[in-house]
Amino acid sequence: MNTPETLRVELGPRSYDIVVGSNILADAAGFIAPFVKPAGVVIITDAAVAALHLGTVAASLDRAGIVHRTVAVPSGETSKSMAQFEDILENILAAGIERSTLIVALGGGVVGDLAGFVAAVALRGLDFVQIPTTLLSQVDSSVGGKTGINSKSGKNLIGAFHQPRLVLADSAVLDTLPRRELLAGYAEVAKYGLIDDPDFFDWLEIHATQILDHDGPERREAIVRSCAAKARIVSQDERESGKRALLNLGHTFGHAFEAECGYGGRLLHGEAVAIGMVIAHDVCAAMGMAPAGDKDRIVRHLRAVGLPVMAKEISGMHWDIDRLIGHMAHDKKVQDGQLVFVMTRGIGKAFTSRAMDVEKMRAALMRSCHG
Ligand code: GLY
């Protein structure tokens with residue numbers, strides 16, 4: 001086994017480690033043990049992840065003599081609901097959890113967000129550990145303490161900032177992911193290069209195949225560098241009053257496409273982000289602030305790995321630009337009635353601004369949707 005690498009998210013008393021390694025789930029108990037009290041552990045997972053990885057984690061806890069029970073929710077975005085949230089809370093409260101019970105979130109972004117929010121509010125707050133099992137959750141959603149569920153009014157509108165005590169990212173579990181989900185997570189990896197690390201983007205252009213095709217040093221390095229970028233940004237701006245908004249590069253556009261598609265799998269979050277990042281670069285090029293060649297380079301790379309880069313590639317959708325802009329107006333990034341956009345001066349040069357040229361944005365959306 002390779003030696004796991006440890007990174008620190010520096011947040012004063014809420015600081016924690018991210019451990020990245022191959023096959024570290026088999027020793028989950030060893031990593032989690034410092035946070036376990038006699039009240040034991042509640043693992044929150046979903047049905048698909050339970051079938052693949054729960055046995056490994058449970059066996060490790062058994063060997064270490066750690067008391068544990070499991071709550072498994074159905075797989076998929078619909079589990080990030082008020083009804084599921086209430087069910088879990090009532091279930092674990094009835095089972096007699098204590099203030100010192102440790103919640104372990106074992107799964108992708110849905111499980112991490114849901115379990116983290118349960119941990120944030122049960123008995124006014126329990127410690128929790130993230131064991132993300134998708135590339136997207138390993139490089140993004142498990143780090144930074146955003147937890148929550150969806151509302152009828154939109155995604156992630158109900159939630160809390162609640163930092164985990166530890167994140168365990170096992171690069172080997174990604175071999176069990178469908179290729180499409182792996183690629184969707186890769187869009188968030190590429191995002192870190194596009195935000196402020198052009199060298200990382202150069203490196204990804206060379207190593208994407210190794211990262212995606214098998215567990216190995218390149219995949220681990222991609223996860224480590226992504227988590228380091230996220231940790232750096234979160235450490236500077238835990239509650240998104242400034243710099244953290246850069247992590248939303250491509251997301252305002254992406255969320256609009258996701259909202260139009262519903263959340264049933266026609267368009268994955270990472271795919272929407274890939275399309276949105278291209279639009280962000282396209283509109284900034286049209287506004288004369290970013291080189292058009294950078295947009296072309298991003299399109300080439302994302303297309304080469306197999307991600308969609310234009311909304312018109314999503315089959316069965318007839319996009320209405322006014323409806324898309326309507327969704328954007330409801331984005332969480334609205335401040336004082338105005339949308340804050342992540343703009344760019346080119347690869348690795350993202351910044352936030354309200355100064356969007358709406359006509360050029362409309363034209364960029366048209367290019368993405370209708371070519
Ligand atoms: N995924 C964006 C953030 O954590 O801020």
# chains A, B, ... in the order shown; residues from 1 in each chain; ligands from 1
call {"tool": "residues_near_ligand", "arguments": {"ligand": "ligand 1", "cutoff": "8 Å", "atoms": "only C-alpha atoms and all ligand atoms", "output": "number ranges by chain"}}
result
A: 140-141, 143-146, 230, 234, 240, 244-245, 247-248
call {"tool": "write_last_selection", "arguments": {"atoms": "N, CA, C and O atoms", "output": "PDB file, in the first residue's frame"}}
result
ATOM      1  N   ASP A 140     -14.246  18.073  -3.642  1.00  0.00           N
ATOM      2  CA  ASP A 140     -15.025  19.290  -3.447  1.00  0.00           C
ATOM      3  C   ASP A 140     -15.952  19.210  -2.231  1.00  0.00           C
ATOM      4  O   ASP A 140     -15.655  19.758  -1.169  1.00  0.00           O
ATOM      5  N   SER A 141     -17.060  18.462  -2.359  1.00  0.00           N
ATOM      6  CA  SER A 141     -18.132  18.656  -1.373  1.00  0.00           C
ATOM      7  C   SER A 141     -17.807  18.148   0.029  1.00  0.00           C
ATOM      8  O   SER A 141     -18.385  18.630   1.007  1.00  0.00           O
ATOM      9  N   VAL A 143     -15.082  18.596   1.607  1.00  0.00           N
ATOM     10  CA  VAL A 143     -14.154  19.539   2.255  1.00  0.00           C
ATOM     11  C   VAL A 143     -14.811  20.903   2.352  1.00  0.00           C
ATOM     12  O   VAL A 143     -15.394  21.386   1.376  1.00  0.00           O
ATOM     13  N   GLY A 144     -14.777  21.513   3.512  1.00  0.00           N
ATOM     14  CA  GLY A 144     -15.234  22.899   3.602  1.00  0.00           C
ATOM     15  C   GLY A 144     -16.474  23.126   4.433  1.00  0.00           C
ATOM     16  O   GLY A 144     -16.829  24.263   4.706  1.00  0.00           O
ATOM     17  N   GLY A 145     -17.168  22.032   4.816  1.00  0.00           N
ATOM     18  CA  GLY A 145     -18.219  22.179   5.816  1.00  0.00           C
ATOM     19  C   GLY A 145     -19.566  22.664   5.329  1.00  0.00           C
ATOM     20  O   GLY A 145     -20.421  22.989   6.136  1.00  0.00           O
ATOM     21  N   LYS A 146     -19.761  22.707   4.004  1.00  0.00           N
ATOM     22  CA  LYS A 146     -21.116  23.040   3.547  1.00  0.00           C
ATOM     23  C   LYS A 146     -21.965  21.779   3.635  1.00  0.00           C
ATOM     24  O   LYS A 146     -21.609  20.752   3.051  1.00  0.00           O
ATOM     25  N   LYS A 230      -8.746  23.585  -2.403  1.00  0.00           N
ATOM     26  CA  LYS A 230     -10.001  23.865  -1.694  1.00  0.00           C
ATOM     27  C   LYS A 230      -9.702  24.266  -0.244  1.00  0.00           C
ATOM     28  O   LYS A 230     -10.305  25.213   0.286  1.00  0.00           O
ATOM     29  N   VAL A 234     -10.896  27.685   1.493  1.00  0.00           N
ATOM     30  CA  VAL A 234     -11.823  27.623   2.638  1.00  0.00           C
ATOM     31  C   VAL A 234     -11.178  28.227   3.884  1.00  0.00           C
ATOM     32  O   VAL A 234     -11.835  28.901   4.681  1.00  0.00           O
ATOM     33  N   GLU A 240     -17.909  31.921   2.934  1.00  0.00           N
ATOM     34  CA  GLU A 240     -18.166  32.492   1.609  1.00  0.00           C
ATOM     35  C   GLU A 240     -18.606  33.954   1.648  1.00  0.00           C
ATOM     36  O   GLU A 240     -19.671  34.321   1.145  1.00  0.00           O
ATOM     37  N   ARG A 244     -14.149  32.419  -1.351  1.00  0.00           N
ATOM     38  CA  ARG A 244     -14.735  31.085  -1.559  1.00  0.00           C
ATOM     39  C   ARG A 244     -15.677  31.057  -2.770  1.00  0.00           C
ATOM     40  O   ARG A 244     -15.885  30.015  -3.378  1.00  0.00           O
ATOM     41  N   ALA A 245     -16.261  32.212  -3.080  1.00  0.00           N
ATOM     42  CA  ALA A 245     -17.171  32.272  -4.230  1.00  0.00           C
ATOM     43  C   ALA A 245     -16.478  31.838  -5.524  1.00  0.00           C
ATOM     44  O   ALA A 245     -17.137  31.384  -6.468  1.00  0.00           O
ATOM     45  N   LEU A 247     -14.970  29.259  -6.021  1.00  0.00           N
ATOM     46  CA  LEU A 247     -15.229  27.830  -6.221  1.00  0.00           C
ATOM     47  C   LEU A 247     -16.484  27.609  -7.051  1.00  0.00           C
ATOM     48  O   LEU A 247     -16.776  26.490  -7.459  1.00  0.00           O
ATOM     49  N   ASN A 248     -17.232  28.677  -7.268  1.00  0.00           N
ATOM     50  CA  ASN A 248     -18.460  28.558  -8.059  1.00  0.00           C
ATOM     51  C   ASN A 248     -18.229  28.877  -9.529  1.00  0.00           C
ATOM     52  O   ASN A 248     -19.197  29.108 -10.263  1.00  0.00           O
TER      53      ASN A 248
END
call {"tool": "closest_atom_pairs", "arguments": {"of": "range 153-224 of chain A", "to": "range 122-128 of chain A", "cutoff": "10 Å", "atoms": "only C-alpha atoms", "output": "tab-separated table"}}
result
residue	atom	partner	partner_atom	distance
A:His162	CA	A:Gly125	CA	8.5
A:Gln163	CA	A:Phe128	CA	8.0
A:Pro164	CA	A:Phe128	CA	5.1
A:Arg165	CA	A:Phe128	CA	5.9
A:Leu166	CA	A:Phe128	CA	7.5
A:Val167	CA	A:Phe128	CA	9.3
call {"tool": "write_last_selection", "arguments": {"atoms": "N, CA, C and O atoms", "output": "CSV table (one decimal), in the first residue's frame"}}
result
chain,number,residue,atom,x,y,z
A,162,HIS,N,-20.9,23.3,8.8
A,162,HIS,CA,-20.5,22.4,9.9
A,162,HIS,C,-19.3,21.6,9.4
A,162,HIS,O,-19.4,20.7,8.6
A,163,GLN,N,-18.1,21.9,10.0
A,163,GLN,CA,-16.9,21.3,9.5
A,163,GLN,C,-16.8,19.9,10.0
A,163,GLN,O,-17.1,19.6,11.1
A,164,PRO,N,-16.3,18.9,9.1
A,164,PRO,CA,-16.0,17.6,9.6
A,164,PRO,C,-14.8,17.6,10.5
A,164,PRO,O,-14.1,18.6,10.6
A,165,ARG,N,-14.6,16.5,11.2
A,165,ARG,CA,-13.4,16.4,12.1
A,165,ARG,C,-12.2,15.7,11.2
A,165,ARG,O,-11.1,15.8,11.6
A,166,LEU,N,-12.6,15.1,10.1
A,166,LEU,CA,-11.6,14.4,9.3
A,166,LEU,C,-12.3,14.0,8.0
A,166,LEU,O,-13.5,13.8,7.9
A,167,VAL,N,-11.5,14.1,6.9
A,167,VAL,CA,-11.9,13.6,5.6
A,167,VAL,C,-11.0,12.5,5.2
A,167,VAL,O,-9.8,12.6,5.2
call {"tool": "residues_around", "arguments": {"residues": "Ala51 in chain A", "least_positions_apart": "4", "cutoff": "12 Å", "atoms": "only C-alpha atoms", "output": "PyMOL selection string"}}
result
chain A and resi 45-47+55-58+72+74-75+106-107+176
call {"tool": "select_by_dssp", "arguments": {"residues": "range 198-353 of chain A", "states": "strand (DSSP E)", "output": "PDB file with N, CA and C atoms, in the first residue's frame"}}
result
ATOM      1  N   VAL A 334     -26.918  35.567  -5.378  1.00  0.00           N
ATOM      2  CA  VAL A 334     -27.473  36.915  -5.487  1.00  0.00           C
ATOM      3  C   VAL A 334     -27.168  37.670  -4.195  1.00  0.00           C
ATOM      4  N   GLN A 335     -26.587  38.864  -4.332  1.00  0.00           N
ATOM      5  CA  GLN A 335     -26.289  39.708  -3.160  1.00  0.00           C
ATOM      6  C   GLN A 335     -26.860  41.090  -3.402  1.00  0.00           C
ATOM      7  N   GLN A 338     -28.341  41.596  -6.698  1.00  0.00           N
ATOM      8  CA  GLN A 338     -27.526  41.478  -7.916  1.00  0.00           C
ATOM      9  C   GLN A 338     -26.745  40.178  -7.920  1.00  0.00           C
ATOM     10  N   LEU A 339     -26.643  39.549  -9.069  1.00  0.00           N
ATOM     11  CA  LEU A 339     -25.876  38.308  -9.163  1.00  0.00           C
ATOM     12  C   LEU A 339     -24.375  38.592  -9.133  1.00  0.00           C
ATOM     13  N   PHE A 341     -20.976  37.140 -10.332  1.00  0.00           N
ATOM     14  CA  PHE A 341     -20.484  36.164 -11.301  1.00  0.00           C
ATOM     15  C   PHE A 341     -19.017  35.867 -11.041  1.00  0.00           C
ATOM     16  N   VAL A 342     -18.620  34.622 -11.324  1.00  0.00           N
ATOM     17  CA  VAL A 342     -17.190  34.328 -11.353  1.00  0.00           C
ATOM     18  C   VAL A 342     -16.739  34.567 -12.793  1.00  0.00           C
ATOM     19  N   MET A 343     -15.922  35.590 -12.966  1.00  0.00           N
ATOM     20  CA  MET A 343     -15.423  35.974 -14.289  1.00  0.00           C
ATOM     21  C   MET A 343     -13.962  35.524 -14.386  1.00  0.00           C
ATOM     22  N   THR A 344     -13.351  35.737 -15.527  1.00  0.00           N
ATOM     23  CA  THR A 344     -11.971  35.282 -15.685  1.00  0.00           C
ATOM     24  C   THR A 344     -11.186  36.168 -16.659  1.00  0.00           C
ATOM     25  N   ALA A 350      -9.319  33.597 -12.318  1.00  0.00           N
ATOM     26  CA  ALA A 350     -10.735  33.864 -12.038  1.00  0.00           C
ATOM     27  C   ALA A 350     -10.871  34.970 -10.999  1.00  0.00           C
ATOM     28  N   PHE A 351     -11.955  35.696 -11.068  1.00  0.00           N
ATOM     29  CA  PHE A 351     -12.269  36.726 -10.066  1.00  0.00           C
ATOM     30  C   PHE A 351     -13.785  36.917 -10.035  1.00  0.00           C
ATOM     31  N   THR A 352     -14.274  37.525  -8.971  1.00  0.00           N
ATOM     32  CA  THR A 352     -15.724  37.734  -8.893  1.00  0.00           C
ATOM     33  C   THR A 352     -16.061  39.176  -9.244  1.00  0.00           C
ATOM     34  N   SER A 353     -17.230  39.338  -9.857  1.00  0.00           N
ATOM     35  CA  SER A 353     -17.642  40.678 -10.272  1.00  0.00           C
ATOM     36  C   SER A 353     -19.146  40.678 -10.537  1.00  0.00           C
TER      37      SER A 353
END
call {"tool": "select_by_dssp", "arguments": {"residues": "range 55-113 of chain A", "states": "alpha helix (DSSP H)", "output": "ChimeraX atom specification"}}
result
/A:55-63,82-94,109-113
